[in-house]
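Student: Just run_32.cif, nothing more (mmCIF, C-alpha atoms):
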data_query
loop_
_atom_site.label_atom_id
_atom_site.label_comp_id
_atom_site.auth_asym_id
_atom_site.auth_seq_id
_atom_site.Cartn_x
_atom_site.Cartn_y
_atom_site.Cartn_z
CA MET A 59 165.31 153.03 20.05
CA ASN A 60 163.63 149.91 18.63
CA ASP A 61 166.08 148.00 16.43
CA MET A 62 163.45 145.50 15.26
CA SER A 63 163.14 145.45 11.48
CA ASP A 64 159.81 145.19 9.67
CA THR A 65 160.48 141.53 8.92
CA ASP A 66 161.06 140.85 12.65
CA LYS A 67 157.90 142.63 13.77
CA ILE A 68 155.50 140.68 15.96
CA HIS A 69 152.00 140.91 14.52
CA ARG A 70 149.18 140.52 17.00
CA ILE A 71 146.00 138.95 15.64
CA LEU A 72 142.84 139.20 17.70
CA CYS A 73 140.89 135.97 17.12
CA VAL A 74 137.19 136.06 18.01
CA VAL A 75 134.91 133.24 19.14
CA GLY A 76 131.40 133.66 20.42
CA ALA A 77 129.42 130.44 20.08
CA ARG A 78 130.35 126.77 20.28
CA PRO A 79 130.53 126.18 16.49
CA ASN A 80 133.28 128.83 16.47
CA PHE A 81 135.37 126.81 18.92
CA MET A 82 135.86 123.91 16.50
CA LYS A 83 136.89 126.35 13.77
CA MET A 84 139.29 128.38 15.91
CA ALA A 85 141.15 125.53 17.63
CA PRO A 86 143.32 124.55 14.62
CA ILE A 87 143.83 128.20 13.62
CA MET A 88 145.24 129.11 17.04
CA ALA A 89 147.55 126.08 16.88
CA ALA A 90 148.74 126.98 13.38
CA PHE A 91 149.49 130.59 14.39
CA ASP A 92 151.31 129.37 17.48
CA ALA A 93 153.66 127.36 15.27
CA LEU A 94 154.70 130.43 13.24
CA PRO A 95 157.29 133.02 14.29
CA GLY A 96 156.26 136.65 14.13
CA ILE A 97 152.58 136.11 14.96
CA GLU A 98 151.00 136.42 18.38
CA ALA A 99 147.39 135.25 18.38
CA LYS A 100 145.18 136.49 21.20
CA LEU A 101 141.78 134.92 21.82
CA VAL A 102 138.63 136.92 22.56
CA HIS A 103 135.54 135.05 23.77
CA THR A 104 132.51 137.31 23.49
CA GLY A 105 130.42 135.09 25.75
CA GLN A 106 127.59 134.80 23.23
CA HIS A 107 127.28 131.17 24.34
CA TYR A 108 127.69 131.64 28.06
CA ASP A 109 127.26 128.17 29.58
CA VAL A 110 130.53 128.14 31.54
CA ALA A 111 130.64 124.37 32.08
CA MET A 112 129.90 123.58 28.42
CA ASN A 113 132.39 126.15 27.17
CA HIS A 114 135.10 124.77 29.45
CA GLN A 115 134.33 121.25 28.24
CA TYR A 116 134.77 122.31 24.60
CA PHE A 117 137.94 124.32 25.25
CA GLN A 118 139.47 121.43 27.20
CA ALA A 119 138.48 118.79 24.65
CA LEU A 120 139.80 120.82 21.71
CA GLY A 121 142.99 122.03 23.38
CA ILE A 122 142.03 125.71 22.99
CA PRO A 123 143.93 128.03 25.34
CA ASP A 124 141.90 130.01 27.85
CA PRO A 125 140.67 133.26 26.31
CA ASP A 126 142.89 136.28 26.82
CA ILE A 127 139.73 138.41 26.95
CA ASN A 128 136.19 137.36 27.90
CA LEU A 129 133.50 139.92 27.14
CA GLU A 130 130.76 137.95 28.97
CA VAL A 131 127.98 139.32 26.79
CA GLY A 132 125.35 136.62 27.40
CA SER A 133 121.98 136.25 25.72
CA GLY A 134 119.57 138.75 24.20
CA SER A 135 117.79 139.51 20.97
CA HIS A 136 119.89 139.65 17.81
CA ALA A 137 120.05 143.45 18.02
CA GLN A 138 120.81 143.52 21.74
CA GLN A 139 123.50 140.86 21.50
CA THR A 140 125.19 142.36 18.45
CA ALA A 141 125.18 145.84 19.99
CA GLU A 142 126.54 144.61 23.32
CA VAL A 143 129.37 142.69 21.63
CA MET A 144 130.29 145.84 19.71
CA ARG A 145 130.20 147.98 22.85
CA ARG A 146 132.43 145.60 24.82
CA PHE A 147 134.75 144.67 21.96
CA GLU A 148 135.83 148.22 21.08
CA PRO A 149 137.90 148.88 24.24
CA ALA A 150 139.48 145.43 23.94
CA LEU A 151 140.47 146.25 20.37
CA ASP A 152 141.94 149.58 21.45
CA ASP A 153 143.89 147.94 24.27
CA VAL A 154 145.46 145.20 22.12
CA ALA A 155 145.96 147.35 18.98
CA PRO A 156 146.20 144.27 16.72
CA SER A 157 147.48 144.06 13.16
CA ALA A 158 144.22 142.31 12.22
CA VAL A 159 141.02 140.84 13.65
CA LEU A 160 140.14 137.28 12.62
CA VAL A 161 136.53 136.13 12.79
CA VAL A 162 135.03 132.75 11.91
CA GLY A 163 131.60 131.59 10.82
CA ASP A 164 128.37 133.58 10.88
CA VAL A 165 127.18 134.21 14.44
CA ASN A 166 126.31 137.61 15.88
CA SER A 167 129.79 137.96 17.38
CA THR A 168 131.28 137.55 13.90
CA ILE A 169 129.53 140.54 12.34
CA ALA A 170 129.73 142.64 15.52
CA CYS A 171 133.52 142.38 15.88
CA ALA A 172 134.10 142.72 12.14
CA LEU A 173 132.07 145.92 12.10
CA VAL A 174 133.96 147.46 15.02
CA ALA A 175 137.32 146.57 13.50
CA ALA A 176 136.41 147.89 10.05
CA LYS A 177 135.16 151.20 11.44
CA LYS A 178 138.43 151.63 13.34
CA GLY A 179 140.56 150.83 10.31
CA VAL A 180 141.77 147.43 11.54
CA PRO A 181 141.93 144.77 8.78
CA VAL A 182 139.37 141.97 9.05
CA ILE A 183 140.07 138.33 8.18
CA HIS A 184 137.02 136.07 7.66
CA VAL A 185 137.39 132.30 7.84
CA GLU A 186 134.49 130.39 6.24
CA ALA A 187 133.68 133.20 3.82
CA GLY A 188 131.36 133.06 0.82
CA LEU A 189 128.84 130.51 2.10
CA ARG A 190 125.32 131.42 1.00
CA SER A 191 121.88 129.92 1.54
CA PHE A 192 120.31 132.82 -0.42
CA ASP A 193 117.68 132.96 2.32
CA ARG A 194 117.68 136.41 3.93
CA ALA A 195 115.16 135.17 6.50
CA MET A 196 118.11 133.43 8.19
CA PRO A 197 119.90 135.84 10.57
CA GLU A 198 123.13 133.98 9.82
CA GLU A 199 122.82 134.85 6.13
CA ILE A 200 122.77 138.56 6.97
CA ASN A 201 125.84 138.07 9.16
CA ARG A 202 127.66 136.17 6.40
CA VAL A 203 127.01 138.70 3.64
CA LEU A 204 127.90 141.75 5.71
CA THR A 205 131.02 140.23 7.27
CA ASP A 206 132.35 139.36 3.82
CA GLN A 207 131.79 142.93 2.64
CA LEU A 208 133.82 144.22 5.58
CA SER A 209 136.69 141.75 5.23
CA ASP A 210 140.12 142.35 3.74
CA LEU A 211 141.09 138.68 3.53
CA LEU A 212 138.50 135.97 2.87
CA PHE A 213 139.08 132.23 3.26
CA THR A 214 136.61 129.84 1.62
CA THR A 215 135.81 126.20 2.40
CA GLU A 216 134.51 125.29 -1.05
CA GLU A 217 134.84 126.69 -4.56
CA SER A 218 131.24 127.94 -4.64
CA GLY A 219 132.30 130.51 -2.06
CA ARG A 220 134.58 132.26 -4.55
CA ALA A 221 131.80 132.54 -7.13
CA ASN A 222 129.43 133.99 -4.52
CA LEU A 223 131.99 136.56 -3.40
CA LEU A 224 132.90 137.60 -6.93
CA ASN A 225 129.20 138.07 -7.70
CA GLU A 226 128.99 140.40 -4.70
CA GLY A 227 131.88 142.55 -5.89
CA ILE A 228 134.69 141.16 -3.74
CA ALA A 229 138.08 141.46 -5.46
CA ASP A 230 139.48 138.09 -6.50
CA GLY A 231 142.88 138.79 -4.94
CA ARG A 232 141.33 138.92 -1.48
CA ILE A 233 139.79 135.43 -1.78
CA HIS A 234 141.68 132.23 -0.91
CA PHE A 235 140.31 128.69 -1.15
CA VAL A 236 141.93 126.84 1.76
CA GLY A 237 139.52 124.09 2.78
CA ASN A 238 137.56 123.56 5.97
CA VAL A 239 139.05 124.16 9.42
CA MET A 240 136.20 122.24 11.08
CA ILE A 241 137.48 119.17 9.30
CA ASP A 242 140.98 119.87 10.67
CA THR A 243 139.47 119.56 14.14
CA LEU A 244 137.44 116.49 13.22
CA ARG A 245 140.40 114.59 11.79
CA LEU A 246 142.61 115.46 14.75
CA ASN A 247 140.06 114.35 17.32
CA LEU A 248 138.48 111.35 15.60
CA PRO A 249 140.65 108.81 17.50
CA ARG A 250 139.31 110.29 20.76
CA ALA A 251 135.63 110.26 19.77
CA VAL A 252 133.43 108.69 22.44
CA PRO A 253 131.69 105.56 21.05
CA ALA A 254 127.91 105.77 20.78
CA ALA A 255 127.59 102.51 22.69
CA GLN A 256 129.35 104.10 25.66
CA ILE A 257 127.14 107.19 25.50
CA ALA A 258 123.99 105.04 25.50
CA ALA A 259 125.29 102.90 28.36
CA ASP A 260 126.20 105.99 30.39
CA ALA A 261 122.62 107.21 29.84
CA GLY A 262 121.28 103.99 31.33
CA ARG A 263 120.37 102.40 27.99
CA PRO A 264 123.05 99.76 27.28
CA GLY A 265 122.61 98.14 23.87
CA PHE A 266 120.46 100.99 22.53
CA ALA A 267 122.98 101.91 19.82
CA ASP A 268 124.30 98.45 19.00
CA LYS A 269 122.27 97.65 15.84
CA GLY A 270 122.12 100.92 13.97
CA PHE A 271 120.55 104.20 15.04
CA ALA A 272 119.64 107.68 13.83
CA VAL A 273 120.83 110.92 15.41
CA LEU A 274 118.49 113.93 15.49
CA THR A 275 119.45 117.55 16.20
CA LEU A 276 117.12 120.55 16.05
CA HIS A 277 117.83 124.14 17.01
CA ARG A 278 116.96 126.59 14.22
CA PRO A 279 114.15 129.04 15.03
CA SER A 280 112.40 128.20 11.74
CA ASN A 281 111.98 124.64 13.02
CA VAL A 282 111.59 124.96 16.78
CA ASP A 283 109.74 128.26 17.25
CA ASP A 284 106.70 127.28 15.18
CA ALA A 285 104.47 124.83 17.06
CA ALA A 286 103.01 123.23 13.92
CA ILE A 287 106.40 122.67 12.27
CA LEU A 288 107.99 121.36 15.48
CA LYS A 289 105.05 118.98 16.01
CA ARG A 290 105.44 117.64 12.45
CA LEU A 291 109.17 117.08 12.92
CA LEU A 292 108.76 115.31 16.27
CA GLU A 293 105.97 113.11 14.87
CA THR A 294 108.25 112.21 11.95
CA ALA A 295 111.05 111.36 14.38
CA GLY A 296 108.59 109.07 16.13
CA LYS A 297 107.80 107.27 12.87
CA ILE A 298 111.50 106.86 12.14
CA SER A 299 112.01 105.44 15.64
CA GLU A 300 109.56 102.65 14.80
CA ARG A 301 112.13 101.50 12.22
CA MET A 302 115.38 102.50 13.91
CA PRO A 303 116.30 103.80 17.38
CA VAL A 304 116.73 107.59 17.53
CA ILE A 305 119.24 109.43 19.73
CA PHE A 306 118.20 113.05 20.26
CA PRO A 307 120.61 115.40 22.09
CA VAL A 308 118.16 118.20 22.90
CA HIS A 309 119.30 121.82 22.60
CA PRO A 310 118.15 123.82 25.67
CA ARG A 311 116.15 126.22 23.51
CA THR A 312 114.47 123.30 21.72
CA ARG A 313 113.66 121.59 25.00
CA ALA A 314 112.03 124.80 26.24
CA THR A 315 109.82 125.13 23.14
CA ILE A 316 108.84 121.44 23.24
CA GLU A 317 107.65 121.93 26.80
CA ARG A 318 105.98 125.28 26.07
CA PHE A 319 104.01 123.82 23.15
CA GLY A 320 103.03 120.72 25.13
CA LEU A 321 104.78 118.30 22.76
CA SER A 322 106.86 116.25 25.21
CA HIS A 323 104.55 113.26 24.87
CA LEU A 324 105.62 112.82 21.24
CA LEU A 325 109.09 111.85 22.46
CA ASP A 326 107.91 109.52 25.21
CA ARG A 327 108.98 106.35 23.42
CA ALA A 328 111.39 103.59 24.37
CA SER A 329 112.87 103.87 20.88
CA ILE A 330 113.89 107.52 21.38
CA LEU A 331 116.80 108.31 23.70
CA LEU A 332 116.78 111.93 24.85
CA LEU A 333 120.15 113.30 25.92
CA PRO A 334 121.39 116.67 27.18
CA PRO A 335 123.61 118.72 24.84
CA MET A 336 126.73 116.72 24.02
CA GLY A 337 130.37 117.73 24.24
CA TYR A 338 132.40 117.74 21.03
CA LEU A 339 133.96 114.29 21.44
CA GLU A 340 130.61 112.75 22.35
CA MET A 341 128.83 114.33 19.37
CA LEU A 342 131.67 113.23 17.10
CA GLY A 343 131.23 109.67 18.30
CA LEU A 344 127.48 109.76 17.68
CA MET A 345 127.92 111.06 14.13
CA LYS A 346 130.69 108.58 13.35
CA ASP A 347 128.70 105.56 14.53
CA ALA A 348 125.24 106.62 13.29
CA THR A 349 123.41 104.99 10.41
CA VAL A 350 121.94 108.40 9.51
CA VAL A 351 121.88 111.91 10.96
CA LEU A 352 118.85 114.22 10.71
CA THR A 353 119.76 117.83 11.44
CA ASP A 354 119.21 121.52 10.75
CA SER A 355 122.82 122.35 11.63
CA GLY A 356 125.21 123.62 8.96
CA GLY A 357 128.30 122.32 10.70
CA ILE A 358 126.87 118.83 11.07
CA GLN A 359 126.21 118.73 7.32
CA GLU A 360 129.95 119.21 6.81
CA GLU A 361 131.03 116.81 9.55
CA THR A 362 128.82 113.97 8.29
CA THR A 363 130.20 114.45 4.76
CA ALA A 364 133.73 114.18 6.14
CA LEU A 365 132.76 111.05 8.09
CA GLY A 366 130.84 109.45 5.20
CA THR A 367 127.66 109.29 7.30
CA PRO A 368 124.37 109.89 5.43
CA CYS A 369 122.78 113.19 6.45
CA ILE A 370 119.20 114.40 5.99
CA THR A 371 118.96 118.17 6.35
CA LEU A 372 115.72 119.42 7.86
CA ARG A 373 115.83 122.73 5.98
CA HIS A 374 114.74 123.86 2.53
CA ASN A 375 118.21 125.16 1.62
CA THR A 376 121.86 124.92 2.58
CA GLU A 377 124.73 127.39 2.52
CA ARG A 378 127.03 124.37 2.14
CA PRO A 379 126.06 123.01 -1.30
CA ILE A 380 129.21 120.90 -1.60
CA THR A 381 127.77 118.57 1.06
CA VAL A 382 124.92 117.83 -1.37
CA ASP A 383 126.86 117.94 -4.65
CA GLU A 384 129.82 115.86 -3.47
CA GLY A 385 129.00 114.69 0.05
CA THR A 386 126.44 112.58 1.87
CA ASN A 387 123.79 115.26 2.43
CA THR A 388 120.17 115.25 1.20
CA ILE A 389 117.93 118.32 1.61
CA ALA A 390 114.48 117.28 2.84
CA GLY A 391 113.01 120.44 4.39
CA ASN A 392 110.41 119.99 7.13
CA ASP A 393 107.88 117.99 5.09
CA PRO A 394 107.30 114.57 6.71
CA ALA A 395 106.87 112.78 3.36
CA ALA A 396 110.19 114.12 2.03
CA ILE A 397 112.01 113.29 5.28
CA LEU A 398 110.62 109.76 5.38
CA ALA A 399 111.48 109.23 1.70
CA ALA A 400 115.05 110.30 2.35
CA PHE A 401 115.17 108.02 5.39
CA GLU A 402 113.90 105.11 3.28
CA GLY A 403 116.73 105.80 0.85
CA VAL A 404 119.22 105.36 3.67
CA SER A 405 117.62 102.39 5.43
CA GLY A 406 116.90 100.60 2.15
CA GLY A 407 119.96 101.45 0.09
CA GLY A 408 122.56 102.85 2.45
CA GLY A 409 122.11 106.49 1.43
CA LYS A 410 124.48 108.69 -0.54
CA ALA A 411 128.05 107.47 -0.51
CA GLY A 412 129.56 110.82 -1.37
CA ARG A 413 133.23 111.73 -1.24
CA VAL A 414 135.40 113.99 0.88
CA PRO A 415 135.73 117.38 -0.89
CA HIS A 416 139.03 118.86 -2.06
CA PHE A 417 141.18 120.41 0.69
CA TRP A 418 139.10 118.85 3.48
CA ASP A 419 142.36 117.18 4.43
CA GLY A 420 143.05 118.43 7.94
CA ARG A 421 145.50 121.15 6.83
CA ALA A 422 143.25 124.14 6.15
CA ALA A 423 144.50 126.04 9.22
CA GLU A 424 148.11 125.62 8.11
CA ARG A 425 147.23 127.16 4.75
CA ILE A 426 145.41 130.03 6.45
CA ALA A 427 148.31 130.79 8.80
CA ALA A 428 150.85 130.79 5.96
CA ILE A 429 148.76 133.14 3.81
CA VAL A 430 148.06 135.49 6.74
CA ALA A 431 151.75 135.61 7.71
CA ALA A 432 152.81 136.51 4.15
CA TRP A 433 149.99 139.06 3.83
CA LEU A 434 150.93 140.81 7.07
CA GLN A 435 154.61 140.91 6.13
CA ASN A 436 153.81 142.43 2.73
CA ARG A 437 151.60 145.06 4.35
#
Mind converting the file's structure to structure tokens?
Tutor:
Amino acid sequence: MNDMSDTDKIHRILCVVGARPNFMKMAPIMAAFDALPGIEAKLVHTGQHYDVAMNHQYFQALGIPDPDINLEVGSGSHAQQTAEVMRRFEPALDDVAPSAVLVVGDVNSTIACALVAAKKGVPVIHVEAGLRSFDRAMPEEINRVLTDQLSDLLFTTEESGRANLLNEGIADGRIHFVGNVMIDTLRLNLPRAVPAAQIAADAGRPGFADKGFAVLTLHRPSNVDDAAILKRLLETAGKISERMPVIFPVHPRTRATIERFGLSHLLDRASILLLPPMGYLEMLGLMKDATVVLTDSGGIQEETTALGTPCITLRHNTERPITVDEGTNTIAGNDPAAILAAFEGVSGGGGKAGRVPHFWDGRAAERIAAIVAAWLQNR
């Protein structure tokens, strides 16, 4: 006979990560669950990002425990990858029999695991819910909308998320504004960020980052899969480098398209420092020390706002409007004139000062864990 009362029950939560942006979001959540009695968090890594060395580097840097389950899905088209995650996740879900499945962000693993859980009657918790670019051409937008529709408990990073969810028919009682777990990770690790000067020196370019520099990141298909757009962006980066050194950690997919389109010569400048993909602490140091960051990454828009570093977003929209309304972010799209005008605003006037948004205080994961614990007990 089991004498354990309902209040003493151990609730297992299956926490899913698939791609590196998920790691920064999950690290503080796992730590917050670990600090609470009555909750046992188990980590599933789908293997959507499958670079073993890079994954290990992130897990080690962020203090994430080794995954309890690794599905080792690997690459593929959106349909192939989503289907394979679903196929491999279902037996793991059956084996653990969790009280809930927690997913973060908007990658293929997010929607795949949420869909499996919902179909099997397991409650879904979505962290970073309600973000919308209103651009259905973005695969991530499809993932965001559908995951929110499947979720029982939805945690938002900014107040616009609640309005978006209410407009889509989500019940208000399921929505909780808790802040941004990525900023939890940033604040915790900021003292350990690797200085840009050290990164440049280690790359054989001592002094490169000593008098101000720009950071460039590019990875979205809309920017890197179209030869004409990619050429325009690289030419613009070259013009910026005539005014300010540019550090460009090159995503493997971006590097492959640059080479395939024959555009490598556009980056063959002493004023552009090409680097391999950076670990979390290295990238944090680059963003912290940069004069300006040019990016098409959603997460970097948030991180630069938290750091007070001017950001120029190389997209025509953002699902993180608070970084524009309150933060340091300017939307420039992929038009060279708009990008250069935004850069002039930074180099000439320092860029947008911005402010750190409400609840981006390093305690979002604690709020999530407390709400989840109470919700599970009441169920």
Student: Got a sec to resolve the PyMOL selection byres ((chain A and resi 141-153) around 7) on this structure and send the residues as a list in words?
Tutor: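 Here the PyMOL selection byres ((chain A and resi 141-153) around 7) matches Thr104, Leu129, Val131, Ala137, Gln138, Gln139, Thr140, Val154, Ala155, Ser167, Ala170, Cys171 and Val174 of chain A.
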Student: Those selected residues, please, written with C-alpha atoms and delivered as a PDB file, keeping the file's coordinate frame.
Tutor:
ATOM      1  CA  THR A 104     132.510 137.310  23.490  1.00  0.00           C
ATOM      2  CA  LEU A 129     133.500 139.920  27.140  1.00  0.00           C
ATOM      3  CA  VAL A 131     127.980 139.320  26.790  1.00  0.00           C
ATOM      4  CA  ALA A 137     120.050 143.450  18.020  1.00  0.00           C
ATOM      5  CA  GLN A 138     120.810 143.520  21.740  1.00  0.00           C
ATOM      6  CA  GLN A 139     123.500 140.860  21.500  1.00  0.00           C
ATOM      7  CA  THR A 140     125.190 142.360  18.450  1.00  0.00           C
ATOM      8  CA  VAL A 154     145.460 145.200  22.120  1.00  0.00           C
ATOM      9  CA  ALA A 155     145.960 147.350  18.980  1.00  0.00           C
ATOM     10  CA  SER A 167     129.790 137.960  17.380  1.00  0.00           C
ATOM     11  CA  ALA A 170     129.730 142.640  15.520  1.00  0.00           C
ATOM     12  CA  CYS A 171     133.520 142.380  15.880  1.00  0.00           C
ATOM     13  CA  VAL A 174     133.960 147.460  15.020  1.00  0.00           C
TER      14      VAL A 174
END
Student: Hey, what's within 12 Å of Arg311 in chain A if we count all atoms listed in the file and toss same-chain stuff fewer than 6 positions away? As a list in words, please?
Tutor: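 Listing them by chain and then by number gives Ser133, Thr275, Leu276, His277, Arg278, Pro279, Asn281, Val282, Asp283, Glu317, Arg318, Pro334 and Pro335 of chain A.
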Student: Check what the PyMOL selection byres ((chain A and resi 240) around 8) selects in the file above and give those residues as an MDAnalysis selection string.
Tutor: chainID A and resid 82:83 238:239 241:244 357 361
Student: Please identify all polymer residues within 9 Å of Arg245 in chain A, counting all atoms listed in the file, omitting same-chain residues fewer than 5 positions from it, and present them as a PyMOL selection string.
Tutor: chain A and resi 240+364+419-420
Student: Please list as a PyMOL selection string every residue within 7 Å of Asn201 in chain A, counting all atoms listed in the file and excluding residues in the same chain fewer than 4 positions away.
Tutor: chain A and resi 164-166+169+197+205
Student: Could you write out that same residue set with C-alpha atoms as a PDB file, in the frame of the given file?
Tutor:
ATOM      1  CA  ASP A 164     128.370 133.580  10.880  1.00  0.00           C
ATOM      2  CA  VAL A 165     127.180 134.210  14.440  1.00  0.00           C
ATOM      3  CA  ASN A 166     126.310 137.610  15.880  1.00  0.00           C
ATOM      4  CA  ILE A 169     129.530 140.540  12.340  1.00  0.00           C
ATOM      5  CA  PRO A 197     119.900 135.840  10.570  1.00  0.00           C
ATOM      6  CA  THR A 205     131.020 140.230   7.270  1.00  0.00           C
TER       7      THR A 205
END
Student: Could you state the separation of CA of Ala314 in chain A and CA of Leu274 in chain A in Å, given to one decimal place?
Tutor: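 So the answer is 16.6 Å.
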Student: Please write the residues picked by the PyMOL selection byres ((chain A and resi 292-306) around 7) on this file as a PyMOL selection string.
Tutor: chain A and resi 270-275+288-291+307-308+324-325+329-333+394
Student: Please dump the current selection as a PDB file, keeping the file's coordinate frame; keep C-alpha atoms.
Tutor:
ATOM      1  CA  GLY A 270     122.120 100.920  13.970  1.00  0.00           C
ATOM      2  CA  PHE A 271     120.550 104.200  15.040  1.00  0.00           C
ATOM      3  CA  ALA A 272     119.640 107.680  13.830  1.00  0.00           C
ATOM      4  CA  VAL A 273     120.830 110.920  15.410  1.00  0.00           C
ATOM      5  CA  LEU A 274     118.490 113.930  15.490  1.00  0.00           C
ATOM      6  CA  THR A 275     119.450 117.550  16.200  1.00  0.00           C
ATOM      7  CA  LEU A 288     107.990 121.360  15.480  1.00  0.00           C
ATOM      8  CA  LYS A 289     105.050 118.980  16.010  1.00  0.00           C
ATOM      9  CA  ARG A 290     105.440 117.640  12.450  1.00  0.00           C
ATOM     10  CA  LEU A 291     109.170 117.080  12.920  1.00  0.00           C
ATOM     11  CA  PRO A 307     120.610 115.400  22.090  1.00  0.00           C
ATOM     12  CA  VAL A 308     118.160 118.200  22.900  1.00  0.00           C
ATOM     13  CA  LEU A 324     105.620 112.820  21.240  1.00  0.00           C
ATOM     14  CA  LEU A 325     109.090 111.850  22.460  1.00  0.00           C
ATOM     15  CA  SER A 329     112.870 103.870  20.880  1.00  0.00           C
ATOM     16  CA  ILE A 330     113.890 107.520  21.380  1.00  0.00           C
ATOM     17  CA  LEU A 331     116.800 108.310  23.700  1.00  0.00           C
ATOM     18  CA  LEU A 332     116.780 111.930  24.850  1.00  0.00           C
ATOM     19  CA  LEU A 333     120.150 113.300  25.920  1.00  0.00           C
ATOM     20  CA  PRO A 394     107.300 114.570   6.710  1.00  0.00           C
TER      21      PRO A 394
END
Student: Separation of CA of Leu120 in chain A and CA of Arg78 in chain A, in Å?
Tutor: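 Interatomic distance, CA of Leu120 in chain A to CA of Arg78 in chain A: 11.3 Å.
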Student: Expressed in Å to a single decimal, how great is the separation between CA of Glu198 in chain A and CA of Gly356 in chain A?
Tutor: 10.6 Å
Student: Of the candidates A:Ala254, A:Ala158, A:Leu72, A:Met88, which shows the shortest atom-to-atom distance to Leu211 in chain A, using all atoms listed in the file?
Tutor: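 Closest to Leu211 in chain A of all the choices is A:Ala158.
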Student: Would you compute, for all listed atoms of range 172-181 of chain A, the axis-aligned bounding box grown by 4 Å on each side, and then report its centre and edge lengths in Å rounded to one decimal, as lines of an AutoDock Vina configuration file?
Tutor:
center_x = 137.0
center_y = 147.2
center_z = 11.9
size_x = 17.9
size_y = 16.9
size_z = 14.2
Student: Excluding Trp433 in chain A and its own-chain neighbours fewer than 6 positions away, which residues fall within 12 Å of it when counting all atoms listed in the file? Please give them as a ChimeraX atom specification.
Tutor: /A:65,69,97,157-158,181,183,210-212,231-232,234,426-427
Student: Taking all atoms listed in the file into account, name the residue in A:Gln118, A:Thr367, A:Asn436, A:Thr215 that is nearest to Arg421 in chain A.
Tutor: A:Thr215
Student: For Ser209 in chain A, list every protein, DNA or RNA residue within 12 Å, evaluated using only C-alpha atoms, and leave out those in the same chain fewer than 4 positions away; present the list as a ChimeraX atom specification.
Tutor: /A:158-162,168-169,171-177,179-188,202-205,213,223,228-229,232-233
Student: When you count only C-alpha atoms, which of these residues is closest to Phe266 in chain A: A:Ile370, A:Ala348, A:Ile316, A:Glu216?
Tutor: A:Ala348
Student: Using all atoms listed in the file, can you tell me which of A:Leu372, A:Ala119, A:Ala286, A:Leu208 comes closest to Val252 in chain A?
Tutor: A:Ala119
Student: Can you rebuild range 388-400 of chain A with N, CA and C atoms and give it as a PDB file, keeping the file's coordinate frame?
Tutor:
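Everything below was put into part.pdb:
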ATOM      1  N   THR A 388     121.403 115.138   1.975  1.00  0.00           N
ATOM      2  CA  THR A 388     120.170 115.250   1.200  1.00  0.00           C
ATOM      3  C   THR A 388     119.288 116.311   1.858  1.00  0.00           C
ATOM      4  N   ILE A 389     118.800 117.272   1.082  1.00  0.00           N
ATOM      5  CA  ILE A 389     117.930 118.320   1.610  1.00  0.00           C
ATOM      6  C   ILE A 389     116.490 117.814   1.590  1.00  0.00           C
ATOM      7  N   ALA A 390     115.847 117.805   2.753  1.00  0.00           N
ATOM      8  CA  ALA A 390     114.480 117.280   2.840  1.00  0.00           C
ATOM      9  C   ALA A 390     113.481 118.314   3.323  1.00  0.00           C
ATOM     10  N   GLY A 391     113.937 119.455   3.852  1.00  0.00           N
ATOM     11  CA  GLY A 391     113.010 120.440   4.390  1.00  0.00           C
ATOM     12  C   GLY A 391     112.338 119.928   5.652  1.00  0.00           C
ATOM     13  N   ASN A 392     111.135 120.446   5.941  1.00  0.00           N
ATOM     14  CA  ASN A 392     110.410 119.990   7.130  1.00  0.00           C
ATOM     15  C   ASN A 392     109.129 119.235   6.775  1.00  0.00           C
ATOM     16  N   ASP A 393     109.048 118.758   5.536  1.00  0.00           N
ATOM     17  CA  ASP A 393     107.880 117.990   5.090  1.00  0.00           C
ATOM     18  C   ASP A 393     108.058 116.523   5.470  1.00  0.00           C
ATOM     19  N   PRO A 394     107.145 115.958   6.259  1.00  0.00           N
ATOM     20  CA  PRO A 394     107.300 114.570   6.710  1.00  0.00           C
ATOM     21  C   PRO A 394     107.498 113.581   5.563  1.00  0.00           C
ATOM     22  N   ALA A 395     106.759 113.729   4.469  1.00  0.00           N
ATOM     23  CA  ALA A 395     106.870 112.780   3.360  1.00  0.00           C
ATOM     24  C   ALA A 395     108.282 112.803   2.771  1.00  0.00           C
ATOM     25  N   ALA A 396     108.836 114.000   2.589  1.00  0.00           N
ATOM     26  CA  ALA A 396     110.190 114.120   2.030  1.00  0.00           C
ATOM     27  C   ALA A 396     111.235 113.556   2.996  1.00  0.00           C
ATOM     28  N   ILE A 397     111.054 113.804   4.283  1.00  0.00           N
ATOM     29  CA  ILE A 397     112.010 113.290   5.280  1.00  0.00           C
ATOM     30  C   ILE A 397     111.961 111.767   5.312  1.00  0.00           C
ATOM     31  N   LEU A 398     110.753 111.221   5.330  1.00  0.00           N
ATOM     32  CA  LEU A 398     110.620 109.760   5.380  1.00  0.00           C
ATOM     33  C   LEU A 398     111.129 109.106   4.108  1.00  0.00           C
ATOM     34  N   ALA A 399     110.941 109.767   2.960  1.00  0.00           N
ATOM     35  CA  ALA A 399     111.480 109.230   1.700  1.00  0.00           C
ATOM     36  C   ALA A 399     113.001 109.203   1.732  1.00  0.00           C
ATOM     37  N   ALA A 400     113.596 110.280   2.248  1.00  0.00           N
ATOM     38  CA  ALA A 400     115.050 110.300   2.350  1.00  0.00           C
ATOM     39  C   ALA A 400     115.541 109.247   3.327  1.00  0.00           C
TER      40      ALA A 400
END
